[in-house]
file model-v8.txt (compact mmCIF, C-alpha atoms)
# COMPACT_ATOMS: atom_id res chain seq x y z
CA MET F 1 0.50 25.17 -25.25
CA ILE F 2 4.29 25.56 -25.06
CA LEU F 3 4.05 27.33 -21.70
CA GLN F 4 1.72 24.66 -20.32
CA ARG F 5 4.12 21.94 -21.42
CA TYR F 6 7.05 23.85 -19.85
CA ILE F 7 5.26 24.11 -16.50
CA GLY F 8 4.24 20.45 -16.66
CA VAL F 9 7.81 19.29 -17.36
CA SER F 10 9.05 21.43 -14.46
CA LEU F 11 6.52 19.74 -12.16
CA VAL F 12 7.63 16.26 -13.22
CA LYS F 13 11.27 17.20 -12.62
CA GLY F 14 10.35 18.47 -9.15
CA TRP F 15 8.52 15.24 -8.29
CA LEU F 16 11.41 13.11 -9.54
CA LEU F 17 13.92 15.13 -7.52
CA VAL F 18 11.92 14.71 -4.31
CA LEU F 19 11.40 11.02 -5.15
CA VAL F 20 15.16 10.50 -5.44
CA VAL F 21 15.90 12.40 -2.23
CA LEU F 22 13.26 10.60 -0.16
CA GLY F 23 14.25 7.29 -1.76
CA ALA F 24 17.85 7.82 -0.71
CA VAL F 25 16.86 8.78 2.85
CA PHE F 26 14.37 5.98 3.44
CA GLY F 27 16.52 3.48 1.57
CA LEU F 28 19.47 4.28 3.82
CA ILE F 29 17.31 3.96 6.94
CA SER F 30 15.92 0.61 5.76
CA PHE F 31 19.39 -0.64 4.79
CA THR F 32 20.81 0.31 8.19
CA GLU F 33 17.98 -1.45 10.03
CA GLU F 34 18.39 -4.60 7.94
CA LEU F 35 22.14 -4.76 8.61
CA ASP F 36 21.32 -5.62 12.23
CA ARG F 37 19.45 -8.71 11.02
CA ILE F 38 22.26 -10.31 8.99
CA GLU F 39 22.48 -14.05 9.62
CA ARG F 40 23.19 -17.28 7.74
CA GLY F 41 22.87 -16.64 4.00
CA TYR F 42 21.35 -13.21 4.54
CA ASN F 43 24.44 -11.10 3.82
CA THR F 44 25.10 -7.49 2.87
CA LEU F 45 24.37 -8.03 -0.82
CA GLU F 46 21.02 -9.62 0.06
CA VAL F 47 20.26 -6.68 2.37
CA ILE F 48 20.88 -4.29 -0.53
CA ARG F 49 18.61 -6.36 -2.77
CA TYR F 50 15.86 -6.44 -0.13
CA THR F 51 16.12 -2.68 0.37
CA LEU F 52 15.87 -1.95 -3.36
CA LEU F 53 12.89 -4.27 -3.84
CA SER F 54 10.93 -3.00 -0.84
CA LEU F 55 11.71 0.70 -1.33
CA PRO F 56 9.12 1.33 -4.12
CA ASN F 57 6.30 0.23 -1.82
CA GLN F 58 7.49 2.70 0.81
CA LEU F 59 7.69 5.52 -1.73
CA VAL F 60 4.16 4.84 -2.98
CA SER F 61 2.85 5.47 0.54
CA LEU F 62 4.74 8.80 0.48
CA ALA F 63 3.16 9.89 -2.82
CA PRO F 64 1.10 12.77 -1.32
CA VAL F 65 4.21 14.22 0.34
CA ILE F 66 6.24 13.75 -2.86
CA ALA F 67 3.54 15.57 -4.83
CA LEU F 68 3.41 18.43 -2.31
CA LEU F 69 7.16 19.02 -1.96
CA GLY F 70 7.87 18.42 -5.64
CA THR F 71 5.24 20.93 -6.74
CA ILE F 72 6.50 23.55 -4.29
CA MET F 73 10.10 23.04 -5.43
CA ALA F 74 9.18 23.27 -9.13
CA LEU F 75 6.93 26.33 -8.95
CA THR F 76 9.07 28.17 -6.41
CA SER F 77 12.11 27.62 -8.62
CA LEU F 78 10.22 29.10 -11.58
CA ASP F 79 9.16 32.05 -9.46
CA ARG F 80 12.68 32.69 -8.13
CA HIS F 81 13.90 33.17 -11.69
CA ASN F 82 10.89 35.41 -12.44
CA GLU F 83 9.63 32.93 -15.02
CA LEU F 84 6.15 32.86 -13.50
CA THR F 85 6.07 36.67 -13.56
CA ILE F 86 6.93 36.68 -17.25
CA ILE F 87 4.36 33.96 -17.95
CA SER F 88 1.63 35.90 -16.13
CA CYS F 89 2.54 39.11 -18.02
CA THR F 90 1.93 37.35 -21.34
CA GLY F 91 -1.76 37.14 -20.42
CA PHE F 92 -1.51 33.50 -19.35
CA PRO F 93 -4.71 33.10 -17.24
CA PRO F 94 -4.86 31.24 -13.90
CA THR F 95 -7.17 28.65 -15.46
CA LYS F 96 -4.41 27.64 -17.89
CA LEU F 97 -1.94 27.50 -15.03
CA LEU F 98 -4.23 25.08 -13.20
CA LEU F 99 -4.66 23.07 -16.40
CA ALA F 100 -0.89 22.92 -16.86
CA VAL F 101 -0.61 21.58 -13.31
CA ALA F 102 -3.60 19.23 -13.59
CA VAL F 103 -2.52 17.28 -16.70
CA PRO F 104 0.76 15.86 -15.30
CA THR F 105 -0.95 15.35 -11.93
CA ILE F 106 -3.62 13.15 -13.50
CA MET F 107 -0.85 11.16 -15.17
CA PHE F 108 0.85 10.87 -11.78
CA MET F 109 -2.39 9.55 -10.31
CA ALA F 110 -2.75 6.94 -13.06
CA VAL F 111 0.83 5.74 -12.58
CA LEU F 112 0.22 5.52 -8.85
CA TRP F 113 -2.87 3.32 -9.31
CA LEU F 114 -0.97 1.05 -11.71
CA CYS F 115 1.96 0.75 -9.29
CA MET F 116 -0.31 -0.17 -6.36
CA GLU F 117 -2.08 -2.85 -8.40
CA TYR F 118 0.66 -4.40 -10.54
CA ILE F 119 4.18 -3.37 -9.52
CA THR F 120 5.09 -2.42 -5.95
CA PRO F 121 3.15 -5.20 -4.13
CA LYS F 122 4.88 -7.86 -6.24
CA LEU F 123 8.28 -6.33 -5.57
CA GLN F 124 7.52 -6.19 -1.83
CA GLN F 125 6.28 -9.78 -1.81
CA SER F 126 9.38 -10.97 -3.65
CA ALA F 127 11.61 -9.11 -1.20
CA GLU F 128 9.83 -10.55 1.85
CA GLN F 129 9.85 -14.10 0.49
CA GLU F 130 13.55 -14.00 -0.39
CA ARG F 131 14.49 -12.51 2.96
CA GLN F 132 12.43 -15.07 4.85
CA SER F 133 13.96 -17.95 2.90
CA LEU F 134 17.52 -16.73 3.49
CA ARG F 135 17.03 -15.87 7.17
CA GLU F 136 15.05 -18.97 8.12
CA GLY F 137 17.35 -21.23 6.13
CA SER F 138 14.43 -23.34 4.83
CA GLU F 139 12.54 -22.69 1.63
CA GLY F 140 8.81 -22.26 1.99
CA TRP F 141 8.35 -22.17 5.77
CA ILE F 142 5.91 -19.60 7.12
CA ARG F 143 7.24 -17.99 10.26
CA GLY F 144 5.77 -18.60 13.69
CA SER F 145 2.89 -21.06 13.86
CA GLY F 146 1.99 -20.49 10.20
CA VAL F 147 -1.16 -18.87 8.84
CA TRP F 148 -4.50 -19.52 10.55
CA SER F 149 -8.05 -18.86 9.37
CA THR F 150 -11.51 -19.63 10.72
CA ASP F 151 -15.14 -19.35 9.64
CA GLY F 152 -16.53 -19.98 13.13
CA ARG F 153 -16.50 -23.77 13.45
CA ARG F 154 -13.66 -24.59 11.10
CA TYR F 155 -10.00 -23.70 11.67
CA ILE F 156 -7.24 -24.17 9.09
CA GLN F 157 -3.49 -23.82 9.45
CA ILE F 158 -0.83 -23.63 6.70
CA ARG F 159 2.83 -24.03 7.69
CA ARG F 160 4.55 -24.10 4.28
CA MET F 161 4.21 -22.24 0.98
CA SER F 162 6.36 -23.17 -2.03
CA LYS F 163 7.80 -20.77 -4.61
CA ASP F 164 4.96 -21.77 -6.92
CA ASN F 165 2.43 -20.87 -4.17
CA VAL F 166 1.48 -24.45 -3.42
CA PRO F 167 0.32 -24.69 0.24
CA GLY F 168 1.75 -27.51 2.32
CA LEU F 169 1.67 -29.05 5.80
CA ILE F 170 -2.01 -28.20 6.19
CA SER F 171 -4.12 -28.86 9.29
CA LEU F 172 -7.90 -28.46 9.43
CA PHE F 173 -10.13 -28.76 12.52
CA GLU F 174 -13.95 -28.72 12.59
CA PHE F 175 -16.11 -28.28 15.70
CA ASP F 176 -19.84 -28.70 16.35
CA GLU F 177 -22.16 -26.11 17.93
CA THR F 178 -21.12 -27.23 21.43
CA GLY F 179 -17.42 -26.66 20.69
CA GLN F 180 -16.52 -30.35 20.48
CA LEU F 181 -13.94 -31.43 17.89
CA VAL F 182 -15.69 -33.59 15.26
CA ARG F 183 -13.09 -33.70 12.49
CA ALA F 184 -9.35 -33.20 12.05
CA LEU F 185 -7.39 -33.34 8.81
CA GLU F 186 -3.67 -33.38 8.00
CA ALA F 187 -2.59 -32.90 4.37
CA GLY F 188 0.82 -32.77 2.74
CA THR F 189 -0.12 -30.33 -0.05
CA ALA F 190 -3.20 -28.91 -1.79
CA ARG F 191 -4.25 -27.79 -5.28
CA VAL F 192 -6.24 -24.56 -5.40
CA ASN F 193 -9.22 -24.20 -7.73
CA LYS F 194 -10.73 -20.98 -9.09
CA ASP F 195 -13.89 -21.39 -7.00
CA ARG F 196 -11.86 -21.23 -3.72
CA SER F 197 -12.12 -24.98 -3.24
CA TRP F 198 -8.93 -26.92 -2.44
CA ILE F 199 -8.01 -30.48 -3.34
CA PHE F 200 -6.12 -31.79 -0.31
CA GLU F 201 -3.50 -34.41 -1.22
CA LYS F 202 -2.12 -37.24 0.93
CA VAL F 203 -4.78 -36.68 3.57
CA ARG F 204 -5.07 -38.24 7.00
CA GLU F 205 -8.54 -37.72 8.53
CA LYS F 206 -9.80 -38.25 12.07
CA LYS F 207 -13.59 -38.04 12.38
CA LEU F 208 -15.89 -38.37 15.39
CA VAL F 209 -18.27 -41.32 14.81
CA ARG F 210 -20.60 -42.36 17.64
CA GLY F 211 -18.36 -40.76 20.23
CA GLU F 212 -15.07 -42.19 18.88
CA LEU F 213 -12.44 -40.67 16.60
CA GLN F 214 -11.87 -42.91 13.61
CA SER F 215 -8.87 -42.52 11.31
CA ARG F 216 -8.89 -42.80 7.54
CA GLY F 217 -6.57 -41.91 4.68
CA TYR F 218 -7.32 -40.32 1.29
CA GLU F 219 -5.22 -39.65 -1.74
CA GLU F 220 -7.35 -36.56 -2.45
CA LEU F 221 -10.13 -34.73 -0.61
CA GLU F 222 -11.98 -31.55 -1.68
CA ILE F 223 -12.61 -28.75 0.86
CA ALA F 224 -14.68 -25.71 -0.17
CA ASN F 225 -14.44 -21.96 0.63
CA LEU F 226 -10.75 -21.41 1.38
CA TRP F 227 -8.19 -18.92 0.03
CA SER F 228 -8.05 -18.15 -3.70
CA SER F 229 -4.88 -18.64 -5.72
CA ASP F 230 -4.03 -14.92 -5.98
CA GLU F 231 -4.34 -14.51 -2.19
CA LEU F 232 -1.85 -17.28 -1.41
CA PRO F 233 1.34 -15.24 -2.04
CA THR F 234 0.21 -12.65 0.53
CA LEU F 235 -0.78 -14.95 3.40
CA SER F 236 2.54 -14.65 5.21
CA LEU F 237 2.93 -10.95 4.42
CA HIS F 238 1.68 -7.71 5.91
CA TRP F 239 -1.62 -6.49 4.43
CA ASP F 240 0.19 -3.40 3.15
CA SER F 241 1.98 -5.67 0.66
CA MET F 242 -1.24 -6.75 -1.08
CA ASN F 243 -2.42 -5.16 -4.30
CA LEU F 244 -5.78 -3.40 -4.51
CA SER F 245 -7.88 -6.19 -6.03
CA VAL F 246 -6.57 -8.84 -3.64
CA LEU F 247 -7.11 -6.58 -0.65
CA TYR F 248 -10.75 -6.09 -1.58
CA ARG F 249 -11.48 -9.74 -2.39
CA TYR F 250 -9.71 -10.96 0.74
CA SER F 251 -11.63 -8.51 2.94
CA GLN F 252 -14.89 -9.81 1.42
CA TYR F 253 -13.79 -13.39 2.04
CA LEU F 254 -13.10 -12.56 5.70
CA ALA F 255 -16.43 -10.74 6.02
CA ASN F 256 -18.35 -13.67 4.54
CA ASN F 257 -16.72 -15.98 7.07
CA GLY F 258 -17.35 -13.72 10.06
CA GLN F 259 -13.67 -12.81 10.56
CA PRO F 260 -12.24 -9.35 11.31
CA MET F 261 -11.66 -7.60 7.99
CA GLU F 262 -11.51 -3.93 9.00
CA LYS F 263 -7.73 -3.51 8.62
CA TYR F 264 -7.81 -5.01 5.10
CA LEU F 265 -10.80 -2.99 3.90
CA ASN F 266 -9.47 0.18 5.53
CA THR F 267 -6.09 -0.28 3.81
CA PHE F 268 -7.89 -0.92 0.50
CA TRP F 269 -9.83 2.36 0.66
CA GLN F 270 -6.80 4.34 1.80
CA LYS F 271 -4.76 3.06 -1.14
CA LEU F 272 -7.57 3.36 -3.67
CA LEU F 273 -8.24 7.01 -2.79
CA MET F 274 -4.62 8.03 -2.23
CA PRO F 275 -4.26 9.44 -5.80
CA LEU F 276 -7.08 11.86 -5.00
CA THR F 277 -5.04 13.06 -2.05
CA VAL F 278 -2.10 13.52 -4.42
CA PHE F 279 -4.24 15.76 -6.63
CA ALA F 280 -5.38 17.74 -3.58
CA MET F 281 -1.76 18.18 -2.45
CA VAL F 282 -0.69 19.52 -5.84
CA LEU F 283 -3.67 21.87 -5.81
CA LEU F 284 -2.67 23.10 -2.34
CA ALA F 285 0.98 23.59 -3.31
CA THR F 286 0.09 25.73 -6.33
CA PRO F 287 -1.09 28.88 -4.50
CA ILE F 288 1.62 28.38 -1.83
CA SER F 289 4.41 28.59 -4.40
CA ALA F 290 3.01 29.99 -7.67
CA SER F 291 2.04 33.48 -6.48
CA VAL F 292 4.09 35.92 -8.52
CA THR F 293 5.15 37.69 -5.30
CA ALA F 294 6.28 34.52 -3.50
CA GLY F 295 9.83 34.61 -4.85
CA ARG F 296 10.40 38.13 -3.55
CA ASP F 297 8.61 37.66 -0.24
CA ARG F 298 10.39 34.55 1.03
CA SER F 299 13.39 32.35 0.34
CA PHE F 300 13.40 28.96 -1.35
CA GLY F 301 14.20 27.27 1.96
CA ILE F 302 11.19 28.84 3.66
CA SER F 303 8.91 27.54 0.89
CA ILE F 304 10.28 24.03 1.35
CA GLY F 305 9.89 24.40 5.12
CA ILE F 306 6.25 25.35 4.64
CA GLY F 307 5.79 22.29 2.46
CA ALA F 308 7.44 20.02 5.04
CA LEU F 309 5.24 21.48 7.78
CA VAL F 310 2.10 20.92 5.70
CA GLY F 311 3.25 17.34 5.02
CA ILE F 312 3.72 16.65 8.73
CA MET F 313 0.33 18.18 9.56
CA PHE F 314 -1.26 16.09 6.80
CA TYR F 315 0.23 12.89 8.21
CA LEU F 316 -0.81 13.65 11.79
CA GLY F 317 -4.26 14.83 10.70
CA SER F 318 -4.80 11.71 8.59
CA GLN F 319 -3.88 9.45 11.49
CA ILE F 320 -6.30 11.31 13.77
CA ILE F 321 -9.10 11.06 11.18
CA PHE F 322 -8.49 7.33 10.62
CA SER F 323 -8.44 6.66 14.37
CA LEU F 324 -11.62 8.65 14.94
CA GLY F 325 -13.27 6.92 12.00
CA GLN F 326 -12.54 3.49 13.46
CA LEU F 327 -13.59 4.57 16.95
CA LEU F 328 -16.88 6.10 15.78
CA GLN F 329 -17.42 3.40 13.12
CA TRP F 330 -17.70 5.85 10.25
CA SER F 331 -17.96 4.62 6.67
CA MET F 332 -14.48 3.57 5.51
CA PRO F 333 -14.67 5.31 2.10
CA VAL F 334 -15.69 8.55 3.84
CA VAL F 335 -12.80 8.28 6.31
CA ALA F 336 -10.33 7.58 3.50
CA ILE F 337 -11.44 10.50 1.32
CA LEU F 338 -11.92 13.05 4.13
CA PRO F 339 -8.24 14.22 4.22
CA ALA F 340 -8.35 14.87 0.47
CA VAL F 341 -11.61 16.84 0.83
CA ILE F 342 -10.19 18.99 3.64
CA ILE F 343 -7.00 19.70 1.68
CA THR F 344 -8.99 20.55 -1.46
CA VAL F 345 -11.16 23.04 0.44
CA CYS F 346 -8.05 24.73 1.87
CA ALA F 347 -6.45 24.79 -1.59
CA LEU F 348 -9.52 26.43 -3.17
CA LEU F 349 -9.55 29.12 -0.48
CA LEU F 350 -5.88 29.87 -1.11
CA LEU F 351 -6.38 29.90 -4.88
CA ARG F 352 -8.96 32.66 -4.53
CA ARG F 353 -6.35 34.79 -2.71
CA MET F 354 -3.46 33.95 -5.03
CA HIS F 355 -1.72 36.88 -6.75
CA TRP F 356 -1.33 36.17 -10.46

call {"tool": "encode", "arguments": {"input": "model-v8.txt", "output": "structure tokens"}}
result
Amino acid sequence: MILQRYIGVSLVKGWLLVLVVLGAVFGLISFTEELDRIERGYNTLEVIRYTLLSLPNQLVSLAPVIALLGTIMALTSLDRHNELTIISCTGFPPTKLLLAVAVPTIMFMAVLWLCMEYITPKLQQSAEQERQSLREGSEGWIRGSGVWSTDGRRYIQIRRMSKDNVPGLISLFEFDETGQLVRALEAGTARVNKDRSWIFEKVREKKLVRGELQSRGYEELEIANLWSSDELPTLSLHWDSMNLSVLYRYSQYLANNGQPMEKYLNTFWQKLLMPLTVFAMVLLATPISASVTAGRDRSFGISIGIGALVGIMFYLGSQIIFSLGQLLQWSMPVVAILPAVIITVCALLLLRRMHW
């Protein structure tokens, strides 16, 4: 039990070290890129704040690489000091070694799921909203022409979103089966209900009646089947900034309204199954670095180089698999889990040849 705990603590230290190093590298790159965008109230201190808030979301996407390199660093370091040799000579079986590696890895996976659902998307959203407000110089404006959505015959546009996620400056257009405009609405703000219906406030309506557009005003007007309240904060953001539950519900909303939803559902499955890829990476790194002859056969730098090469191959291979999956219209869950399956198979083959 003591030896298992010692190996597990070494793994966690390795992951944290790689996390800090990659965080520093990617944070510096992001900070440098943002410096070129300084304007108005968006100064150097705000750039630092944006970088720190958005960095966790970047690091979550690098979790498989962090797991791979961190595991190689931890186990190779133990092997260099002959600690793994001593552990193996005590009669410590390979099954216990795998258990010692698996327990902290499962904890890593759980933390990763929690971060993707509750922590990093909110930090990213906060960073994007603050940056947009400071750079645009006007609180609540959505860049460009705002956010548009359609369910075939109805088009809606939102041009403002307050800090409290109250949509404003809303336009809605409805067309008949021939493509003729039959209704147009302009609303100042809207209240969002739990059933996806909105209560438009301060409404100006133009409606086609017997071939003529007639105008009418309303204090309130209910419109059904729009965005839900937890989707509102993400409307002006990249889909990679949404948490898992919102990604899934929003993709279903788009599918029900006949809109393209592939990028949202694909991102959802990639994120949901990413922790399984983390487990596969740790499994792969174990025979690469935990063989009791590894420390004598190659240097620490070579082990890290092997890990970096595997990480690059994993990234390129994943992109090829995702592209092929979209091109051939494979099942999205299958496409998302396929890299983890391939890595696991390779890891099991290497484990059978591992010297322990």

call {"tool": "atom_distance", "arguments": {"input": "model-v8.txt", "atom1": "atom CA of Glu205 of chain F", "atom2": "atom CA of Gln157 of chain F"}}
result
14.8 Å

call {"tool": "closest_residue", "arguments": {"input": "model-v8.txt", "among": "F:Leu265, F:Ile7, F:Val65, F:Met281", "to": "Tyr315 of chain F", "atoms": "all atoms listed in the file"}}
result
F:Val65

call {"tool": "atom_distance", "arguments": {"input": "model-v8.txt", "atom1": "atom CA of Leu123 of chain F", "atom2": "atom CA of Ser162 of chain F"}}
result
17.3 Å

call {"tool": "closest_residue", "arguments": {"input": "model-v8.txt", "among": "F:His81, F:Arg37, F:Arg159, F:Arg249", "to": "Ser229 of chain F", "atoms": "all atoms listed in the file"}}
result
F:Arg249

call {"tool": "closest_residue", "arguments": {"input": "model-v8.txt", "among": "F:Leu52, F:Ile320, F:Asp36, F:Lys96", "to": "Arg5 of chain F", "atoms": "only C-alpha atoms"}}
result
F:Lys96

call {"tool": "closest_residue", "arguments": {"input": "model-v8.txt", "among": "F:Trp330, F:Phe200, F:Phe279, F:Phe322", "to": "Ile343 of chain F", "atoms": "all atoms listed in the file"}}
result
F:Phe279

call {"tool": "atom_distance", "arguments": {"input": "model-v8.txt", "atom1": "atom CA of Glu83 of chain F", "atom2": "atom CA of Cys346 of chain F"}}
result
25.8 Å

call {"tool": "closest_residue", "arguments": {"input": "model-v8.txt", "among": "F:Glu128, F:Leu232, F:Val203, F:Gly14", "to": "Pro167 of chain F", "atoms": "only C-alpha atoms"}}
result
F:Leu232

call {"tool": "residues_around", "arguments": {"input": "model-v8.txt", "residues": "Gly317 of chain F", "least_positions_apart": "2", "cutoff": "12 Å", "atoms": "all atoms listed in the file", "output": "PDB file with C-alpha atoms, in the frame of the given file"}}
result
ATOM      1  CA  LEU F 309       5.240  21.480   7.780  1.00  0.00           C
ATOM      2  CA  VAL F 310       2.100  20.920   5.700  1.00  0.00           C
ATOM      3  CA  GLY F 311       3.250  17.340   5.020  1.00  0.00           C
ATOM      4  CA  ILE F 312       3.720  16.650   8.730  1.00  0.00           C
ATOM      5  CA  MET F 313       0.330  18.180   9.560  1.00  0.00           C
ATOM      6  CA  PHE F 314      -1.260  16.090   6.800  1.00  0.00           C
ATOM      7  CA  TYR F 315       0.230  12.890   8.210  1.00  0.00           C
ATOM      8  CA  GLN F 319      -3.880   9.450  11.490  1.00  0.00           C
ATOM      9  CA  ILE F 320      -6.300  11.310  13.770  1.00  0.00           C
ATOM     10  CA  ILE F 321      -9.100  11.060  11.180  1.00  0.00           C
ATOM     11  CA  PHE F 322      -8.490   7.330  10.620  1.00  0.00           C
ATOM     12  CA  SER F 323      -8.440   6.660  14.370  1.00  0.00           C
ATOM     13  CA  LEU F 324     -11.620   8.650  14.940  1.00  0.00           C
ATOM     14  CA  VAL F 335     -12.800   8.280   6.310  1.00  0.00           C
ATOM     15  CA  ALA F 336     -10.330   7.580   3.500  1.00  0.00           C
ATOM     16  CA  LEU F 338     -11.920  13.050   4.130  1.00  0.00           C
ATOM     17  CA  PRO F 339      -8.240  14.220   4.220  1.00  0.00           C
ATOM     18  CA  ALA F 340      -8.350  14.870   0.470  1.00  0.00           C
ATOM     19  CA  ILE F 342     -10.190  18.990   3.640  1.00  0.00           C
ATOM     20  CA  ILE F 343      -7.000  19.700   1.680  1.00  0.00           C
TER      21      ILE F 343
END

call {"tool": "closest_residue", "arguments": {"input": "model-v8.txt", "among": "F:Ser77, F:Gln132, F:Ile119, F:Val147", "to": "Lys163 of chain F", "atoms": "only C-alpha atoms"}}
result
F:Gln132

call {"tool": "axis_aligned_box", "arguments": {"input": "model-v8.txt", "around": "segment 210-227 of chain F", "padding_each_side": "5 Å", "output": "JSON"}}
result
{"center_x": -12.9, "center_y": -30.9, "center_z": 8.9, "size_x": 25.4, "size_y": 34.0, "size_z": 32.7}

call {"tool": "residues_around", "arguments": {"input": "model-v8.txt", "residues": "segment 256-262 of chain F", "least_positions_apart": "5", "cutoff": "8 Å", "atoms": "all atoms listed in the file", "output": "PyMOL selection string"}}
result
chain F and resi 150-152+251

call {"tool": "residues_around", "arguments": {"input": "model-v8.txt", "residues": "Asn193 of chain F", "least_positions_apart": "2", "cutoff": "10 Å", "atoms": "only C-alpha atoms", "output": "PyMOL selection string"}}
result
chain F and resi 190-191+195-199+222+224+226-229

call {"tool": "residues_around", "arguments": {"input": "model-v8.txt", "residues": "Lys202 of chain F", "least_positions_apart": "2", "cutoff": "9 Å", "atoms": "all atoms listed in the file", "output": "list of chain:residue names"}}
result
F:Glu186, F:Ala187, F:Gly188, F:Thr189, F:Ala190, F:Phe200, F:Arg204, F:Gly217, F:Tyr218, F:Glu219, F:Glu220, F:Leu221

call {"tool": "residues_around", "arguments": {"input": "model-v8.txt", "residues": "Trp148 of chain F", "least_positions_apart": "2", "cutoff": "10 Å", "atoms": "all atoms listed in the file", "output": "NGL selection string"}}
result
:F and (145-146 or 150 or 155-159 or 171-172 or 235)

call {"tool": "decode", "arguments": {"input": "model-v8.txt", "residues": "segment 2-44 of chain F", "atoms": "C-alpha atoms", "output": "short mmCIF file (atom, residue, chain, number, x, y, z; two decimals), in the first residue's frame"}}
result
data_model
loop_
_atom_site.label_atom_id
_atom_site.label_comp_id
_atom_site.auth_asym_id
_atom_site.auth_seq_id
_atom_site.Cartn_x
_atom_site.Cartn_y
_atom_site.Cartn_z
CA ILE F 2 2.85 2.39 0.84
CA LEU F 3 4.59 1.67 -2.47
CA GLN F 4 1.36 2.18 -4.41
CA ARG F 5 0.81 5.51 -2.69
CA TYR F 6 4.43 6.53 -3.41
CA ILE F 7 4.04 5.78 -7.12
CA GLY F 8 0.69 7.58 -7.22
CA VAL F 9 2.12 10.71 -5.57
CA SER F 10 5.02 10.67 -8.03
CA LEU F 11 2.54 10.55 -10.92
CA VAL F 12 0.58 13.52 -9.58
CA LYS F 13 3.80 15.51 -9.18
CA GLY F 14 4.75 14.69 -12.77
CA TRP F 15 1.35 15.83 -14.08
CA LEU F 16 1.52 19.06 -12.08
CA LEU F 17 5.03 19.80 -13.35
CA VAL F 18 3.98 19.35 -16.98
CA LEU F 19 0.83 21.38 -16.29
CA VAL F 20 2.91 24.28 -14.98
CA VAL F 21 5.36 24.12 -17.88
CA LEU F 22 2.68 23.96 -20.58
CA GLY F 23 0.66 26.62 -18.75
CA ALA F 24 3.65 28.95 -18.79
CA VAL F 25 4.34 28.31 -22.48
CA PHE F 26 0.76 28.65 -23.72
CA GLY F 27 0.06 31.50 -21.32
CA LEU F 28 3.02 33.44 -22.68
CA ILE F 29 1.92 32.79 -26.27
CA SER F 30 -1.64 33.91 -25.50
CA PHE F 31 -0.40 36.98 -23.61
CA THR F 32 1.87 38.00 -26.50
CA GLU F 33 -0.95 37.62 -29.03
CA GLU F 34 -3.34 39.67 -26.89
CA LEU F 35 -0.82 42.51 -26.51
CA ASP F 36 -1.31 43.26 -30.21
CA ARG F 37 -5.02 43.88 -29.54
CA ILE F 38 -4.66 46.52 -26.81
CA GLU F 39 -7.09 49.39 -27.34
CA ARG F 40 -9.30 51.75 -25.32
CA GLY F 41 -9.74 50.33 -21.80
CA TYR F 42 -8.19 47.02 -22.77
CA ASN F 43 -4.73 47.54 -21.24
CA THR F 44 -1.86 45.31 -20.17
#
